[in-house]
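Engineer: Input: one structure, supplied below.
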Amino acid sequence: MSADTEATPAFAWVILAVALFAVSSAGAVFELIEEIAPVTKAAWRLQATAVVLLPGFLWQYARADGEMRQRFSGSASVLAASGVCLAVHFGSWLMSLELTTLTHSLLFVTAHPLVIIAGLWLLRRPASQTQTAGALVGFAGAGAVILGGGAEAGVSLWGDFLAFVGAVAVVGYLAAGRALRAWMPLFLYAFPVTLVAAVLLTMWAVVQEGASLGFGEMSGVFGWLGAAWFGYVAYLALGPGLVGHTGINAVLRWLPPLFISMVLIMEPVIGSLIGWMLGVDVIPGAWTLLGGAGMIAGLILVTLEKHSEQETV
């Protein structure tokens with residue numbers, strides 16, 4: 001039953017609140033894993049998430065009929081491309097967390113709606129006036145964040161850029177998901193994509209960061225299995241990785257996608273507050289607050305128009 005025809009139960013709001021907190025907390029929890037190279041941390045996160053997703057994948061694959069299995073096998077290249085995009089997203093985002101503040105990183109890595117509108121301009125495809133206005137407001141806000149951030153401790157232009165690369169990469173991941181999830185069950189899609197990303201990030205950590213092919217808690221590519229970091233990585237896999245995204249998908253039964261998108265735009269704000277409470281982030285400066293508000297306002301305008309067009313179609 002759709003969100004328009006079924007009353008929203010109280011527990012749906014609880015699920016959405018827990019899911020929003022889970023996805024917003026990821027950056028702060030990553031910051032708590034100290035003295036570990038960033039790509040290695042990204043590899044740990046995707047390895048653990050793949051383990052969590054494996055039972056669901058095996059269950060759905062066993063239940064799939066011959067046609068579904070054939071279509072799944074024929075989609076291997078798209079699944080692999082999605083995994084590449086996911087690996088670039090996590091790798092660049094985790095590197096940005098090492099070079100800029102948590103607030104800056106979250107603002108830029110969640111700016112993918114602005115990337116989509118910029119892509120439409122580059123492809124000379126028409127964007128509505130509301131989308132254009134939203135993108136201009138958002139990019140103006142980003143400019144304020146960049147220009148004013150130079151005076152803030154812990155901020156770097158390269159770190160902000162790497163976070164934005166993460167936003168660009170997630171556009172490819174979302175495009176692949178939009179094409180495949182129209183017919184492919186959740187775990188049949190999520191597990192192979194996550195596995196590809198985990199393998200690529202593991203190789204990336206070995207080549208770039210000199211990670212060892214072992215279980216060392218400081219430099220092993222499977223070091224998250226040790227006692228020191230297991231709790232943190234398990235939370236990232238079960239919290240943001242499973243409860244967060246699965247919860248968001250679950251409440252689509254009762255709440256409109258537009259409302260959920262509006263709620264998720266607040267991830268940088270909530271994530272920054274969590275980071276400040278955990279002591280891994282500082283209170284942002286005036287330019288970051290002003291520019292961040294502009295970026296969020298632009299994202300809201302773009303998201304509102306995007307969903308309006310989808311409903312019309």
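Following the order of the structure tokens, chains are lettered A, B, ..., residues in each are numbered from 1, and ligands are numbered from 1.
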I'd like the neighbourhood of Ala293 of chain A as a PyMOL selection string, where a residue qualifies if any of its atoms comes within 12 Å (using only C-alpha atoms), though same-chain residues fewer than 3 positions away should be ignored.
Structural biologist: chain A and resi 103+107+137-145+265-266+268-269+284+286-290+296-300
Engineer: For those residues, write N, CA and C atoms to a file as a PDB file, in the first residue's frame.
Structural biologist:
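Below is the file out_25.pdb, written as the result:
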```
ATOM      1  N   THR A 103      32.458  18.716   9.218  1.00  0.00           N
ATOM      2  CA  THR A 103      31.360  19.514   8.652  1.00  0.00           C
ATOM      3  C   THR A 103      31.583  19.787   7.177  1.00  0.00           C
ATOM      4  N   LEU A 107      29.250  18.299   4.070  1.00  0.00           N
ATOM      5  CA  LEU A 107      28.556  19.218   3.171  1.00  0.00           C
ATOM      6  C   LEU A 107      28.853  18.903   1.710  1.00  0.00           C
ATOM      7  N   VAL A 137      22.129  28.678  -6.001  1.00  0.00           N
ATOM      8  CA  VAL A 137      22.187  28.931  -4.554  1.00  0.00           C
ATOM      9  C   VAL A 137      23.148  27.966  -3.885  1.00  0.00           C
ATOM     10  N   GLY A 138      23.063  26.684  -4.274  1.00  0.00           N
ATOM     11  CA  GLY A 138      23.932  25.674  -3.675  1.00  0.00           C
ATOM     12  C   GLY A 138      25.397  25.919  -3.968  1.00  0.00           C
ATOM     13  N   PHE A 139      25.726  26.224  -5.221  1.00  0.00           N
ATOM     14  CA  PHE A 139      27.120  26.461  -5.571  1.00  0.00           C
ATOM     15  C   PHE A 139      27.640  27.771  -4.959  1.00  0.00           C
ATOM     16  N   ALA A 140      26.767  28.774  -4.837  1.00  0.00           N
ATOM     17  CA  ALA A 140      27.163  30.000  -4.147  1.00  0.00           C
ATOM     18  C   ALA A 140      27.486  29.700  -2.680  1.00  0.00           C
ATOM     19  N   GLY A 141      26.651  28.865  -2.073  1.00  0.00           N
ATOM     20  CA  GLY A 141      26.935  28.453  -0.703  1.00  0.00           C
ATOM     21  C   GLY A 141      28.242  27.698  -0.598  1.00  0.00           C
ATOM     22  N   ALA A 142      28.508  26.809  -1.572  1.00  0.00           N
ATOM     23  CA  ALA A 142      29.764  26.064  -1.577  1.00  0.00           C
ATOM     24  C   ALA A 142      30.955  27.012  -1.703  1.00  0.00           C
ATOM     25  N   GLY A 143      30.781  28.041  -2.547  1.00  0.00           N
ATOM     26  CA  GLY A 143      31.847  29.034  -2.683  1.00  0.00           C
ATOM     27  C   GLY A 143      32.135  29.744  -1.375  1.00  0.00           C
ATOM     28  N   ALA A 144      31.079  30.078  -0.646  1.00  0.00           N
ATOM     29  CA  ALA A 144      31.256  30.731   0.652  1.00  0.00           C
ATOM     30  C   ALA A 144      31.954  29.801   1.633  1.00  0.00           C
ATOM     31  N   VAL A 145      31.589  28.522   1.616  1.00  0.00           N
ATOM     32  CA  VAL A 145      32.226  27.552   2.504  1.00  0.00           C
ATOM     33  C   VAL A 145      33.714  27.451   2.196  1.00  0.00           C
ATOM     34  N   ILE A 265      18.544  15.400   3.709  1.00  0.00           N
ATOM     35  CA  ILE A 265      19.371  16.562   3.417  1.00  0.00           C
ATOM     36  C   ILE A 265      19.980  17.131   4.701  1.00  0.00           C
ATOM     37  N   MET A 266      19.363  16.821   5.825  1.00  0.00           N
ATOM     38  CA  MET A 266      19.873  17.315   7.105  1.00  0.00           C
ATOM     39  C   MET A 266      21.037  16.477   7.636  1.00  0.00           C
ATOM     40  N   PRO A 268      24.272  16.425   6.932  1.00  0.00           N
ATOM     41  CA  PRO A 268      25.469  17.172   7.348  1.00  0.00           C
ATOM     42  C   PRO A 268      25.295  17.884   8.686  1.00  0.00           C
ATOM     43  N   VAL A 269      24.099  18.410   8.941  1.00  0.00           N
ATOM     44  CA  VAL A 269      23.858  19.118  10.198  1.00  0.00           C
ATOM     45  C   VAL A 269      23.922  18.137  11.370  1.00  0.00           C
ATOM     46  N   PRO A 284      31.692  24.904  13.641  1.00  0.00           N
ATOM     47  CA  PRO A 284      32.088  25.574  12.397  1.00  0.00           C
ATOM     48  C   PRO A 284      32.119  27.082  12.547  1.00  0.00           C
ATOM     49  N   ALA A 286      31.697  31.095  10.996  1.00  0.00           N
ATOM     50  CA  ALA A 286      30.532  31.812  10.463  1.00  0.00           C
ATOM     51  C   ALA A 286      30.351  31.561   8.970  1.00  0.00           C
ATOM     52  N   TRP A 287      31.458  31.555   8.199  1.00  0.00           N
ATOM     53  CA  TRP A 287      31.335  31.355   6.760  1.00  0.00           C
ATOM     54  C   TRP A 287      30.847  29.948   6.429  1.00  0.00           C
ATOM     55  N   THR A 288      31.322  28.976   7.190  1.00  0.00           N
ATOM     56  CA  THR A 288      30.859  27.605   6.961  1.00  0.00           C
ATOM     57  C   THR A 288      29.377  27.477   7.283  1.00  0.00           C
ATOM     58  N   LEU A 289      28.937  28.103   8.375  1.00  0.00           N
ATOM     59  CA  LEU A 289      27.520  28.055   8.744  1.00  0.00           C
ATOM     60  C   LEU A 289      26.666  28.736   7.685  1.00  0.00           C
ATOM     61  N   LEU A 290      27.110  29.915   7.223  1.00  0.00           N
ATOM     62  CA  LEU A 290      26.345  30.660   6.212  1.00  0.00           C
ATOM     63  C   LEU A 290      26.338  29.916   4.883  1.00  0.00           C
ATOM     64  N   ILE A 296      22.476  23.723   1.682  1.00  0.00           N
ATOM     65  CA  ILE A 296      21.302  22.930   2.042  1.00  0.00           C
ATOM     66  C   ILE A 296      20.050  23.497   1.395  1.00  0.00           C
ATOM     67  N   ALA A 297      19.924  24.837   1.342  1.00  0.00           N
ATOM     68  CA  ALA A 297      18.774  25.451   0.685  1.00  0.00           C
ATOM     69  C   ALA A 297      18.741  25.096  -0.798  1.00  0.00           C
ATOM     70  N   GLY A 298      19.911  25.122  -1.447  1.00  0.00           N
ATOM     71  CA  GLY A 298      19.971  24.744  -2.856  1.00  0.00           C
ATOM     72  C   GLY A 298      19.605  23.291  -3.075  1.00  0.00           C
ATOM     73  N   LEU A 299      20.075  22.409  -2.183  1.00  0.00           N
ATOM     74  CA  LEU A 299      19.724  20.994  -2.286  1.00  0.00           C
ATOM     75  C   LEU A 299      18.215  20.788  -2.136  1.00  0.00           C
ATOM     76  N   ILE A 300      17.593  21.542  -1.234  1.00  0.00           N
ATOM     77  CA  ILE A 300      16.146  21.427  -1.039  1.00  0.00           C
ATOM     78  C   ILE A 300      15.400  21.830  -2.309  1.00  0.00           C
TER      79      ILE A 300
END
```
Engineer: Give me, as a PyMOL selection string, the residues of segment 6-178 of chain A that a backbone DSSP run labels alpha helix (DSSP H).
Structural biologist: chain A and resi 10-32+38-63+66-74+76-99+102-109+112-122+129-149+157-178
Engineer: Dump C-alpha atoms for the selected residues as a compact mmCIF listing (two decimals), in the first residue's frame?
Structural biologist:
```txt
# COMPACT_ATOMS: atom_id res chain seq x y z
CA ALA A 10 4.10 5.72 14.95
CA PHE A 11 6.88 3.17 14.58
CA ALA A 12 7.59 4.43 11.04
CA TRP A 13 8.71 7.75 12.50
CA VAL A 14 10.92 5.89 14.96
CA ILE A 15 12.48 3.86 12.14
CA LEU A 16 13.15 7.02 10.10
CA ALA A 17 14.70 8.80 13.09
CA VAL A 18 16.97 5.83 13.87
CA ALA A 19 17.94 5.48 10.20
CA LEU A 20 18.75 9.19 9.90
CA PHE A 21 20.88 9.07 13.05
CA ALA A 22 22.65 5.94 11.80
CA VAL A 23 23.64 7.33 8.41
CA SER A 24 24.56 10.71 9.94
CA SER A 25 26.84 9.13 12.55
CA ALA A 26 29.12 7.36 10.08
CA GLY A 27 31.57 10.24 9.62
CA ALA A 28 32.04 10.79 13.35
CA VAL A 29 32.58 7.06 14.00
CA PHE A 30 35.16 6.92 11.21
CA GLU A 31 36.95 9.80 12.95
CA LEU A 32 37.08 7.74 16.16
CA PRO A 38 41.78 6.40 5.35
CA VAL A 39 41.45 3.95 2.44
CA THR A 40 42.14 1.08 4.82
CA LYS A 41 39.24 2.28 6.98
CA ALA A 42 37.03 2.46 3.89
CA ALA A 43 38.03 -1.10 2.93
CA TRP A 44 37.21 -2.32 6.44
CA ARG A 45 33.78 -0.72 6.28
CA LEU A 46 32.87 -2.29 2.93
CA GLN A 47 34.30 -5.70 3.89
CA ALA A 48 32.15 -5.79 7.02
CA THR A 49 29.08 -4.58 5.14
CA ALA A 50 29.56 -7.31 2.52
CA VAL A 51 29.61 -9.91 5.30
CA VAL A 52 26.37 -8.49 6.71
CA LEU A 53 24.69 -8.52 3.28
CA LEU A 54 25.80 -12.04 2.30
CA PRO A 55 22.98 -13.99 4.04
CA GLY A 56 20.32 -11.83 2.38
CA PHE A 57 22.00 -12.31 -1.00
CA LEU A 58 22.13 -16.10 -0.63
CA TRP A 59 18.47 -16.19 0.43
CA GLN A 60 17.25 -14.05 -2.47
CA TYR A 61 19.41 -15.86 -5.02
CA ALA A 62 18.07 -19.23 -3.85
CA ARG A 63 14.50 -17.96 -4.27
CA GLY A 66 15.78 -18.97 -13.88
CA GLU A 67 14.86 -15.74 -15.65
CA MET A 68 15.89 -13.62 -12.68
CA ARG A 69 19.22 -15.43 -12.40
CA GLN A 70 19.86 -14.96 -16.11
CA ARG A 71 19.09 -11.23 -15.93
CA PHE A 72 21.30 -10.98 -12.84
CA SER A 73 24.23 -12.62 -14.64
CA GLY A 74 23.69 -10.35 -17.65
CA ALA A 76 27.47 -8.11 -14.17
CA SER A 77 29.11 -5.17 -15.95
CA VAL A 78 26.65 -2.65 -14.52
CA LEU A 79 27.03 -4.14 -11.04
CA ALA A 80 30.81 -3.90 -11.38
CA ALA A 81 30.62 -0.27 -12.54
CA SER A 82 28.40 0.54 -9.57
CA GLY A 83 30.97 -1.09 -7.28
CA VAL A 84 33.75 1.03 -8.79
CA CYS A 85 31.74 4.18 -8.13
CA LEU A 86 31.04 3.08 -4.56
CA ALA A 87 34.75 2.42 -3.97
CA VAL A 88 35.72 5.87 -5.29
CA HIS A 89 32.99 7.44 -3.15
CA PHE A 90 34.18 5.86 0.09
CA GLY A 91 37.88 6.15 -0.69
CA SER A 92 37.80 9.84 -1.56
CA TRP A 93 35.41 10.66 1.29
CA LEU A 94 37.59 8.93 3.91
CA MET A 95 40.66 10.71 2.56
CA SER A 96 38.81 14.02 2.82
CA LEU A 97 38.08 13.36 6.50
CA GLU A 98 41.83 13.26 7.09
CA LEU A 99 42.35 16.65 5.42
CA LEU A 102 33.86 16.74 9.41
CA THR A 103 31.36 19.51 8.65
CA HIS A 104 33.08 20.49 5.41
CA SER A 105 33.43 16.88 4.35
CA LEU A 106 29.75 16.09 4.97
CA LEU A 107 28.56 19.22 3.17
CA PHE A 108 30.49 18.42 0.01
CA VAL A 109 30.03 14.65 -0.08
CA HIS A 112 25.36 15.02 -5.40
CA PRO A 113 22.02 16.65 -6.42
CA LEU A 114 24.05 19.72 -7.42
CA VAL A 115 26.39 17.47 -9.40
CA ILE A 116 23.41 16.04 -11.30
CA ILE A 117 22.19 19.52 -12.29
CA ALA A 118 25.70 20.54 -13.35
CA GLY A 119 25.81 17.38 -15.47
CA LEU A 120 22.56 18.37 -17.16
CA TRP A 121 24.09 21.72 -18.05
CA LEU A 122 27.21 20.07 -19.48
CA GLN A 129 14.13 27.36 -13.43
CA THR A 130 13.75 25.96 -9.91
CA GLN A 131 16.55 23.45 -10.47
CA THR A 132 18.78 26.16 -11.92
CA ALA A 133 18.04 28.50 -9.03
CA GLY A 134 18.67 25.73 -6.52
CA ALA A 135 21.98 24.84 -8.14
CA LEU A 136 23.10 28.48 -8.22
CA VAL A 137 22.19 28.93 -4.55
CA GLY A 138 23.93 25.67 -3.67
CA PHE A 139 27.12 26.46 -5.57
CA ALA A 140 27.16 30.00 -4.15
CA GLY A 141 26.93 28.45 -0.70
CA ALA A 142 29.76 26.06 -1.58
CA GLY A 143 31.85 29.03 -2.68
CA ALA A 144 31.26 30.73 0.65
CA VAL A 145 32.23 27.55 2.50
CA ILE A 146 35.47 27.28 0.50
CA LEU A 147 36.45 30.95 0.68
CA GLY A 148 35.65 31.34 4.34
CA GLY A 149 37.01 27.97 5.34
CA LEU A 157 40.76 23.03 -0.12
CA TRP A 158 42.12 19.63 -1.18
CA GLY A 159 40.09 17.91 1.51
CA ASP A 160 36.93 19.70 0.40
CA PHE A 161 37.67 18.72 -3.21
CA LEU A 162 38.10 15.04 -2.31
CA ALA A 163 34.73 15.08 -0.55
CA PHE A 164 33.19 16.58 -3.69
CA VAL A 165 34.80 13.78 -5.75
CA GLY A 166 32.90 11.43 -3.45
CA ALA A 167 29.67 13.22 -4.39
CA VAL A 168 30.47 12.90 -8.10
CA ALA A 169 31.16 9.18 -7.70
CA VAL A 170 27.91 8.54 -5.87
CA VAL A 171 25.98 9.88 -8.88
CA GLY A 172 27.23 6.89 -10.90
CA TYR A 173 26.32 4.56 -8.06
CA LEU A 174 22.80 6.02 -7.88
CA ALA A 175 22.36 5.84 -11.66
CA ALA A 176 23.26 2.15 -11.71
CA GLY A 177 21.01 1.48 -8.76
CA ARG A 178 18.11 3.30 -10.39
```
Engineer: What is the atom CA of Gly154 of chain A-atom CA of Gly275 of chain A distance in Å, reported with one decimal?
Structural biologist: 13.9 Å
Engineer: Applying 12 Å and only C-alpha atoms, which residues near Phe215 of chain A remain after dropping the ones on its own chain fewer than 5 positions away? List them as a ChimeraX atom specification.
Structural biologist: /A:40,44,220-230
Engineer: Between atom CA of Leu236 of chain A and atom CA of Leu278 of chain A, what is the spacing in Å?
Structural biologist: 15.6 Å
Engineer: Closest to Gly294 of chain A among A:Asn249, A:Ser212, A:Thr202, A:Ala111, using only C-alpha atoms?
Structural biologist: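 Closest to Gly294 of chain A of all the choices is A:Ala111.
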Engineer: Which distance in Å separates atom CA of Thr101 of chain A and atom CA of Leu301 of chain A, to one decimal?
Structural biologist: 25.7 Å
Engineer: Tell me which of A:Trp276, A:Val251, A:Glu34, A:Ser219 sits closest to Tyr232 of chain A, counting only C-alpha atoms.
Structural biologist: A:Glu34
